[in-house]
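So this block is entry_30.cif, mmCIF, C-alpha atoms:
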data_data
#
loop_
_atom_site.label_atom_id
_atom_site.label_comp_id
_atom_site.auth_asym_id
_atom_site.auth_seq_id
_atom_site.Cartn_x
_atom_site.Cartn_y
_atom_site.Cartn_z
CA MET A 1 29.82 -19.92 69.55
CA SER A 2 27.22 -21.02 66.98
CA LYS A 3 23.64 -19.85 67.14
CA PRO A 4 21.24 -22.18 68.99
CA THR A 5 18.74 -24.00 66.79
CA VAL A 6 15.05 -24.05 67.66
CA LEU A 7 12.79 -26.74 66.20
CA ILE A 8 9.16 -25.74 65.62
CA ILE A 9 7.01 -28.87 65.68
CA LYS A 10 3.82 -28.25 63.73
CA LEU A 11 0.99 -30.12 65.44
CA GLY A 12 -1.43 -28.86 62.81
CA SER A 13 -2.13 -25.94 60.48
CA THR A 14 -4.28 -22.85 60.53
CA TYR A 15 -6.83 -21.88 57.84
CA ARG A 16 -5.67 -21.91 54.21
CA GLU A 17 -6.62 -18.30 53.50
CA LEU A 18 -4.79 -17.15 56.62
CA ILE A 19 -1.72 -19.15 55.56
CA SER A 20 -1.75 -17.43 52.16
CA ARG A 21 -1.83 -14.00 53.83
CA TRP A 22 0.45 -14.33 56.84
CA GLY A 23 1.78 -17.88 56.94
CA ASP A 24 1.14 -20.97 59.03
CA PHE A 25 1.73 -21.29 62.78
CA ASP A 26 5.48 -21.73 62.34
CA LYS A 27 5.82 -18.65 60.14
CA LEU A 28 3.76 -16.57 62.58
CA ILE A 29 6.13 -17.58 65.38
CA ILE A 30 9.27 -16.78 63.41
CA ASN A 31 7.93 -13.44 62.17
CA SER A 32 6.88 -12.34 65.65
CA VAL A 33 10.46 -12.47 67.01
CA PRO A 34 12.67 -11.65 63.99
CA ASP A 35 15.64 -10.05 65.74
CA LEU A 36 16.89 -12.75 68.09
CA SER A 37 20.02 -14.76 67.35
CA VAL A 38 18.64 -18.23 66.77
CA LYS A 39 18.37 -20.58 63.81
CA TRP A 40 14.97 -21.99 62.98
CA LYS A 41 13.84 -25.37 61.70
CA SER A 42 10.23 -26.44 61.21
CA GLN A 43 8.83 -29.97 60.87
CA LYS A 44 5.38 -31.52 60.93
CA ILE A 45 4.84 -33.75 63.94
CA GLU A 46 4.58 -36.83 61.73
CA ASN A 47 8.08 -36.23 60.34
CA VAL A 48 9.89 -35.69 63.65
CA VAL A 49 12.25 -38.49 64.75
CA PRO A 50 12.43 -38.38 68.57
CA GLU A 51 15.99 -39.73 68.65
CA THR A 52 17.26 -36.73 66.66
CA ILE A 53 15.97 -33.89 68.86
CA GLU A 54 19.14 -33.85 70.94
CA LYS A 55 20.69 -31.59 68.31
CA TYR A 56 18.22 -28.79 69.09
CA GLN A 57 18.61 -26.28 71.89
CA GLY A 58 14.92 -25.39 71.94
CA ILE A 59 11.58 -26.80 70.82
CA ILE A 60 8.21 -25.13 70.22
CA PHE A 61 4.99 -27.13 69.83
CA THR A 62 2.48 -25.12 67.80
CA GLY A 63 -1.26 -24.88 68.02
CA ALA A 64 -3.65 -26.99 65.96
CA HIS A 65 -7.36 -27.17 65.21
CA ASP A 66 -7.51 -30.69 66.65
CA SER A 67 -9.02 -31.75 69.96
CA LEU A 68 -7.57 -34.24 72.41
CA LEU A 69 -11.13 -35.31 73.17
CA THR A 70 -10.99 -37.28 69.90
CA PRO A 71 -8.20 -39.67 68.87
CA TYR A 72 -5.03 -37.77 67.97
CA PRO A 73 -2.94 -39.95 65.62
CA PHE A 74 0.44 -38.72 66.87
CA LEU A 75 -0.19 -39.06 70.60
CA LYS A 76 2.22 -41.97 71.14
CA GLY A 77 4.95 -40.30 69.11
CA ALA A 78 4.48 -37.07 71.07
CA GLU A 79 4.80 -39.06 74.29
CA ARG A 80 8.19 -40.35 73.15
CA LEU A 81 9.22 -36.79 72.25
CA ILE A 82 8.33 -35.51 75.71
CA ASP A 83 10.29 -38.36 77.31
CA TYR A 84 13.39 -37.38 75.28
CA ILE A 85 12.87 -33.69 76.06
CA ILE A 86 12.74 -34.41 79.79
CA ASP A 87 15.79 -36.68 79.67
CA LEU A 88 17.77 -34.07 77.72
CA ARG A 89 16.27 -31.07 79.54
CA ILE A 90 15.65 -29.16 76.31
CA PHE A 91 13.88 -25.82 76.67
CA THR A 92 10.38 -26.35 75.30
CA LEU A 93 7.30 -24.19 74.75
CA GLY A 94 3.81 -25.50 73.96
CA ILE A 95 1.24 -23.09 72.50
CA CYS A 96 -2.57 -23.64 72.75
CA PHE A 97 -3.03 -27.22 71.47
CA GLY A 98 0.65 -27.70 72.31
CA HIS A 99 -0.16 -26.53 75.87
CA GLN A 100 -2.96 -29.08 76.12
CA LEU A 101 -0.93 -31.90 74.57
CA ILE A 102 2.12 -31.41 76.79
CA ASN A 103 0.09 -31.16 79.98
CA LYS A 104 -1.90 -34.26 79.06
CA LEU A 105 1.30 -36.22 78.41
CA LEU A 106 2.76 -35.02 81.71
CA GLY A 107 -0.25 -36.42 83.57
CA GLY A 108 -2.82 -33.62 83.41
CA GLU A 109 -6.33 -33.64 81.98
CA VAL A 110 -8.04 -31.81 79.11
CA CYS A 111 -11.77 -31.23 78.57
CA ARG A 112 -14.16 -29.09 76.52
CA ASN A 113 -14.60 -25.82 78.37
CA PRO A 114 -18.14 -25.83 79.84
CA LEU A 115 -18.07 -22.02 79.85
CA GLY A 116 -17.69 -21.96 76.07
CA PRO A 117 -14.90 -20.96 73.66
CA GLU A 118 -12.39 -18.25 74.45
CA ILE A 119 -11.74 -16.35 71.23
CA GLY A 120 -10.42 -12.79 71.06
CA VAL A 121 -8.44 -10.55 73.39
CA SER A 122 -8.38 -12.04 76.90
CA THR A 123 -7.00 -10.84 80.21
CA ILE A 124 -5.00 -13.30 82.27
CA GLN A 125 -3.72 -13.06 85.83
CA LEU A 126 -0.19 -14.09 86.72
CA THR A 127 0.29 -16.19 89.83
CA LEU A 128 3.08 -15.39 92.30
CA SER A 129 5.20 -17.97 90.46
CA GLY A 130 4.37 -16.33 87.14
CA LEU A 131 5.33 -12.90 88.41
CA VAL A 132 8.88 -14.01 89.20
CA ASP A 133 9.35 -16.41 86.28
CA PRO A 134 11.73 -15.24 83.52
CA ILE A 135 9.17 -16.18 80.86
CA PHE A 136 7.12 -13.14 81.97
CA ASN A 137 10.08 -10.76 82.30
CA GLY A 138 9.33 -7.18 81.38
CA TYR A 139 5.57 -7.09 81.97
CA GLY A 140 5.78 -5.31 85.32
CA HIS A 141 2.25 -6.16 86.45
CA SER A 142 0.12 -9.20 87.18
CA LYS A 143 -2.67 -8.70 84.63
CA ILE A 144 -1.76 -8.94 80.95
CA GLN A 145 -3.78 -9.13 77.73
CA VAL A 146 -3.31 -12.00 75.29
CA TYR A 147 -4.83 -13.45 72.12
CA SER A 148 -6.99 -16.55 72.66
CA SER A 149 -8.59 -19.06 70.31
CA HIS A 150 -9.60 -22.36 71.87
CA PHE A 151 -12.54 -24.55 72.85
CA ASP A 152 -10.75 -27.06 75.11
CA ILE A 153 -8.86 -26.33 78.32
CA VAL A 154 -6.44 -28.02 80.70
CA THR A 155 -8.39 -28.89 83.87
CA SER A 156 -5.59 -30.44 85.95
CA ILE A 157 -1.79 -30.52 85.86
CA SER A 158 0.81 -32.97 87.15
CA ASP A 159 2.46 -32.67 90.57
CA ASN A 160 5.71 -31.45 88.95
CA THR A 161 3.94 -28.73 86.96
CA GLU A 162 3.24 -25.24 88.27
CA CYS A 163 0.54 -22.80 87.23
CA LEU A 164 1.94 -19.46 86.07
CA ALA A 165 -1.28 -17.74 84.93
CA TRP A 166 -5.05 -18.16 85.04
CA ASN A 167 -8.33 -16.37 84.33
CA GLU A 168 -12.06 -16.94 84.79
CA GLN A 169 -12.22 -19.06 81.62
CA SER A 170 -9.36 -21.41 82.49
CA GLU A 171 -7.50 -22.21 85.70
CA PHE A 172 -4.33 -22.98 83.73
CA GLN A 173 -3.50 -20.28 81.18
CA ALA A 174 0.25 -20.85 81.49
CA THR A 175 2.30 -23.59 83.14
CA ARG A 176 5.89 -24.62 83.77
CA TYR A 177 7.22 -28.16 84.25
CA ASP A 178 10.49 -28.20 86.21
CA SER A 179 12.45 -25.20 84.89
CA PHE A 180 12.52 -25.87 81.15
CA ILE A 181 9.07 -26.84 79.77
CA TYR A 182 6.63 -23.94 79.41
CA THR A 183 3.11 -23.89 78.00
CA THR A 184 0.57 -21.18 77.19
CA GLN A 185 -3.11 -21.64 76.43
CA PHE A 186 -3.01 -18.36 74.51
CA HIS A 187 -1.18 -17.42 71.29
CA PRO A 188 1.85 -15.12 71.72
CA GLU A 189 2.51 -15.37 67.97
CA TYR A 190 -0.83 -13.78 66.97
CA ASN A 191 -1.41 -10.14 66.09
CA LYS A 192 -4.53 -8.01 65.60
CA ASN A 193 -5.05 -9.13 62.00
CA VAL A 194 -4.72 -12.84 62.75
CA MET A 195 -7.03 -12.51 65.75
CA ALA A 196 -9.63 -10.67 63.66
CA TYR A 197 -9.54 -13.50 61.12
CA TYR A 198 -10.25 -16.09 63.83
CA ILE A 199 -13.10 -14.04 65.28
CA ASN A 200 -14.74 -13.62 61.87
CA LYS A 201 -14.18 -17.28 60.98
CA ASN A 202 -15.96 -18.34 64.18
CA PHE A 203 -18.56 -15.56 64.16
CA ALA A 204 -21.57 -17.89 63.87
CA VAL A 205 -20.24 -20.17 66.62
CA LEU A 206 -19.64 -17.21 68.92
CA LYS A 207 -23.14 -15.91 68.20
CA ASN A 208 -24.68 -19.24 69.22
CA GLU A 209 -22.46 -19.43 72.31
CA HIS A 210 -23.53 -15.92 73.31
CA TYR A 211 -27.21 -16.91 73.12
CA ARG A 212 -26.45 -20.02 75.17
CA ASN A 213 -24.38 -18.21 77.79
CA PRO A 214 -24.77 -14.41 77.46
CA LEU A 215 -23.22 -13.72 80.87
CA ASN A 216 -19.95 -15.38 79.90
CA ILE A 217 -19.66 -15.07 76.11
CA PRO A 218 -19.95 -11.52 74.71
CA LYS A 219 -21.61 -10.76 71.40
CA PRO A 220 -19.19 -11.59 68.56
CA SER A 221 -19.52 -8.02 67.30
CA ASP A 222 -18.27 -6.81 70.70
CA ILE A 223 -15.43 -9.33 70.65
CA LEU A 224 -14.41 -8.03 67.23
CA GLN A 225 -14.70 -4.41 68.34
CA ASN A 226 -12.49 -5.10 71.37
CA ASN A 227 -9.80 -6.69 69.20
CA LYS A 228 -6.62 -4.63 69.11
CA GLN A 229 -2.87 -4.73 68.68
CA ILE A 230 -1.55 -5.90 72.03
CA ARG A 231 1.68 -4.31 73.13
CA ASN A 232 4.27 -6.95 74.10
CA SER A 233 2.10 -9.79 72.77
CA SER A 234 5.14 -11.72 71.55
CA LYS A 235 7.34 -10.85 74.53
CA ILE A 236 6.90 -14.34 76.00
CA LEU A 237 8.39 -15.80 72.83
CA GLY A 238 11.32 -13.41 73.10
CA ASN A 239 11.83 -14.33 76.76
CA PHE A 240 11.71 -18.03 75.90
CA LEU A 241 14.35 -17.62 73.21
CA SER A 242 16.49 -15.58 75.59
CA LEU A 243 16.53 -18.54 77.99
CA ILE A 244 17.79 -20.73 75.15
CA ILE A 245 20.45 -18.22 74.11
CA GLN A 246 21.70 -17.81 77.69
CA ALA A 247 21.88 -21.57 78.20
CA ASN A 248 23.76 -21.95 74.91
CA LEU A 249 26.35 -19.38 76.03
CA LYS A 250 26.94 -21.34 79.24
CA ALA A 251 27.26 -24.70 77.46
#

Please lay out the structure from this file as structure tokens.
Amino acid sequence: MSKPTVLIIKLGSTYRELISRWGDFDKLIINSVPDLSVKWKSQKIENVVPETIEKYQGIIFTGAHDSLLTPYPFLKGAERLIDYIIDLRIFTLGICFGHQLINKLLGGEVCRNPLGPEIGVSTIQLTLSGLVDPIFNGYGHSKIQVYSSHFDIVTSISDNTECLAWNEQSEFQATRYDSFIYTTQFHPEYNKNVMAYYINKNFAVLKNEHYRNPLNIPKPSDILQNNKQIRNSSKILGNFLSLIIQANLKA
């Protein structure tokens, strides 16, 4: 039995200096789960041919610094990709911007979070569905800490999509469509160093947001001080790949 192949679709890139230190979104994903038996391939969204994705056993949509509140040039192509993914029932994970893009294409809505950006270590609450879903295997409790870095949020989801996690900043921190498309508003591929870079990069923005909404946005110095290495941060990625591996064994 050959190893399953997972295609990472890069919806955008992170900051250049961060790329030079730790790699782009795709490299962060691969490095966070190095021991699982899968083959990786990475392509920019503009280079993906929807008709060829049937050869992949899993797909991951990365984050991006774009916003769906402005025209996204690859929206129509991504819509075709999602149609193929649903027809073929390929295990898929969308991260941050990928979470927003997938939910929008499935019939949900995205807006700028009126409460302000969520950047740093966040606590999310699993729903009853999230507690029993294999994507959250091994956590053992309903509240988990994650790395967040986003300004926009998903405000509604389609009838066929289920909420798996939420918090006070966003009603939809994780979702599942049917049994094979997962999305997370947070970044399971981040670590303490990457998170610190994002906090420092957005320090001035966070400072202004704190003055605007001090009850909801902490001081950026406090956000930085509360940054830490989260145990099991990448476990969701490992669980997602395990679903692909198990399905490949049954095929």

Check your understanding: Do you know which residues the PyMOL selection byres ((chain A and resi 2) around 10) returns on this file, as JSON, numbers by chain?
Key -> {"A": [1, 3, 4, 5, 37, 38, 39, 248, 249]}

Using C-alpha atoms, can you write the selected residues to a file as an mmCIF file, keeping the file's coordinate frame?
data_model
loop_
_atom_site.group_PDB
_atom_site.id
_atom_site.type_symbol
_atom_site.label_atom_id
_atom_site.label_comp_id
_atom_site.auth_asym_id
_atom_site.auth_seq_id
_atom_site.Cartn_x
_atom_site.Cartn_y
_atom_site.Cartn_z
ATOM 1 C CA MET A 1 29.820 -19.920 69.550
ATOM 2 C CA LYS A 3 23.640 -19.850 67.140
ATOM 3 C CA PRO A 4 21.240 -22.180 68.990
ATOM 4 C CA THR A 5 18.740 -24.000 66.790
ATOM 5 C CA SER A 37 20.020 -14.760 67.350
ATOM 6 C CA VAL A 38 18.640 -18.230 66.770
ATOM 7 C CA LYS A 39 18.370 -20.580 63.810
ATOM 8 C CA ASN A 248 23.760 -21.950 74.910
ATOM 9 C CA LEU A 249 26.350 -19.380 76.030
#

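Take the candidates A:Leu206, A:Ile245, A:Val110, A:Cys96 and check each one against Gln185 of chain A using all atoms listed in the file; the shortest distance goes to A:Cys96.
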
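Residue nearest Asp152 of chain A within the list A:Lys27, A:His65, A:Lys201, A:Lys55: A:His65 [criterion: smallest interatomic distance, all atoms listed in the file].
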
Point to revise | Among the residues A:Cys163, A:Ile29, A:Ala204, A:Leu241, the one that comes closest to Asp178 of chain A [using all atoms listed in the file] | key: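 Among A:Cys163, A:Ile29, A:Ala204, A:Leu241, it is A:Cys163 that comes nearest to Asp178 of chain A.
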
Point to revise | Counting all atoms listed in the file, the option among A:Gly58, A:Pro214, A:Pro73, A:Gly94 closest to Leu115 of chain A | key: A:Pro214

Point to revise | Closest of A:Ile244, A:Leu81, A:Val121, A:Ala165 to Asn191 of chain A - atom-to-atom distances counting all atoms listed in the file | key: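 Between A:Ile244, A:Leu81, A:Val121, A:Ala165, the residue approaching Asn191 of chain A most closely is A:Val121.
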
Check your understanding: In Å, how far is it from atom CA of Glu54 of chain A to atom CA of Phe240 of chain A?
Key ->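 A separation of 18.2 Å between them.
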
Point to revise | Shell of 10 Å around Ala78 of chain A, all atoms listed in the file, local chain residues under 2 positions omitted, as a ChimeraX atom specification | key: /A:11,45-46,48,50,73-76,80-84,101-102,105

Review point. If you measure from atom CA of Asn47 of chain A to atom CA of Lys10 of chain A, what distance in Å do you get, rounded to one decimal?
Key: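 Atom-to-atom, atom CA of Asn47 of chain A to atom CA of Lys10 of chain A, that is 9.7 Å.
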
Exercise for review: Skip Ile157 of chain A itself and residues of its chain fewer than 5 positions away, then list as a PyMOL selection string all residues within 9 Å of it, counting only C-alpha atoms.
Suggested key: chain A and resi 103-104+106-109+162-163+172+175

Mind dumping the selected residues with C-alpha atoms as a tab-separated table (two decimals), in the frame of the given file?
chain	number	residue	atom	x	y	z
A	103	ASN	CA	0.09	-31.16	79.98
A	104	LYS	CA	-1.90	-34.26	79.06
A	106	LEU	CA	2.76	-35.02	81.71
A	107	GLY	CA	-0.25	-36.42	83.57
A	108	GLY	CA	-2.82	-33.62	83.41
A	109	GLU	CA	-6.33	-33.64	81.98
A	162	GLU	CA	3.24	-25.24	88.27
A	163	CYS	CA	0.54	-22.80	87.23
A	172	PHE	CA	-4.33	-22.98	83.73
A	175	THR	CA	2.30	-23.59	83.14

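Here the question is which of A:Tyr56, A:Phe25, A:Trp40, A:Phe97 gets nearest to Tyr72 of chain A using all atoms listed in the file, and that residue is A:Phe97.
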
Practice item. Give me the result of the PyMOL selection byres ((chain A and resi 130-132) around 8) on this file, residue by residue, as a ChimeraX atom specification. Key: /A:126-129,133-137,141-142,163-165

Practice item. Go ahead and compute the interatomic distance for atom CA of Leu237 of chain A and atom CA of Gly138 of chain A, in Å to one decimal. Key: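 Here the two named atoms are 12.2 Å from each other.
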
**Study point:** Residues selected by the PyMOL selection byres ((chain A and resi 18) around 12), written as an MDAnalysis selection string
**Key:** chainID A and resid 13:17 19:25 27:28 190 193:198 200:201

Go ahead and save the residues from that selection, with C-alpha atoms, as a short mmCIF file (atom, residue, chain, number, x, y, z; two decimals), in the coordinates of the input.
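again.cif, written as the output of this step:
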data_model
loop_
_atom_site.label_atom_id
_atom_site.label_comp_id
_atom_site.auth_asym_id
_atom_site.auth_seq_id
_atom_site.Cartn_x
_atom_site.Cartn_y
_atom_site.Cartn_z
CA SER A 13 -2.13 -25.94 60.48
CA THR A 14 -4.28 -22.85 60.53
CA TYR A 15 -6.83 -21.88 57.84
CA ARG A 16 -5.67 -21.91 54.21
CA GLU A 17 -6.62 -18.30 53.50
CA ILE A 19 -1.72 -19.15 55.56
CA SER A 20 -1.75 -17.43 52.16
CA ARG A 21 -1.83 -14.00 53.83
CA TRP A 22 0.45 -14.33 56.84
CA GLY A 23 1.78 -17.88 56.94
CA ASP A 24 1.14 -20.97 59.03
CA PHE A 25 1.73 -21.29 62.78
CA LYS A 27 5.82 -18.65 60.14
CA LEU A 28 3.76 -16.57 62.58
CA TYR A 190 -0.83 -13.78 66.97
CA ASN A 193 -5.05 -9.13 62.00
CA VAL A 194 -4.72 -12.84 62.75
CA MET A 195 -7.03 -12.51 65.75
CA ALA A 196 -9.63 -10.67 63.66
CA TYR A 197 -9.54 -13.50 61.12
CA TYR A 198 -10.25 -16.09 63.83
CA ASN A 200 -14.74 -13.62 61.87
CA LYS A 201 -14.18 -17.28 60.98
#

Check your understanding: At most 12 Å from (-9.9, -14.0, 83.8), file frame, only C-alpha atoms: which residues, as number ranges by chain?
Key -> A: 118, 121-126, 142-146, 148, 165-173, 216

Which centre and edge lengths in Å to one decimal define the box along x, y and z that fits every listed atom of segment 178-190 of chain A plus 8 Å per side, as JSON?
{"center_x": 4.7, "center_y": -21.0, "center_z": 76.6, "size_x": 31.6, "size_y": 30.4, "size_z": 35.2}

Practice item. Give me the residues within 8 Å of Gly12 of chain A as a list in words, counting all atoms listed in the file and dropping any in the same chain fewer than 6 places off. Key: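 Those residues are Lys44, Thr62, Gly63, Ala64, His65 and Asp66 of chain A.
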
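If you count all atoms listed in the file and ignore residues fewer than 6 places along the chain from Ser179 of chain A, what sits within 10 Å of it is Arg89, Ile90, Phe91, Thr92, Asp133, Thr161 and Glu162 of chain A.
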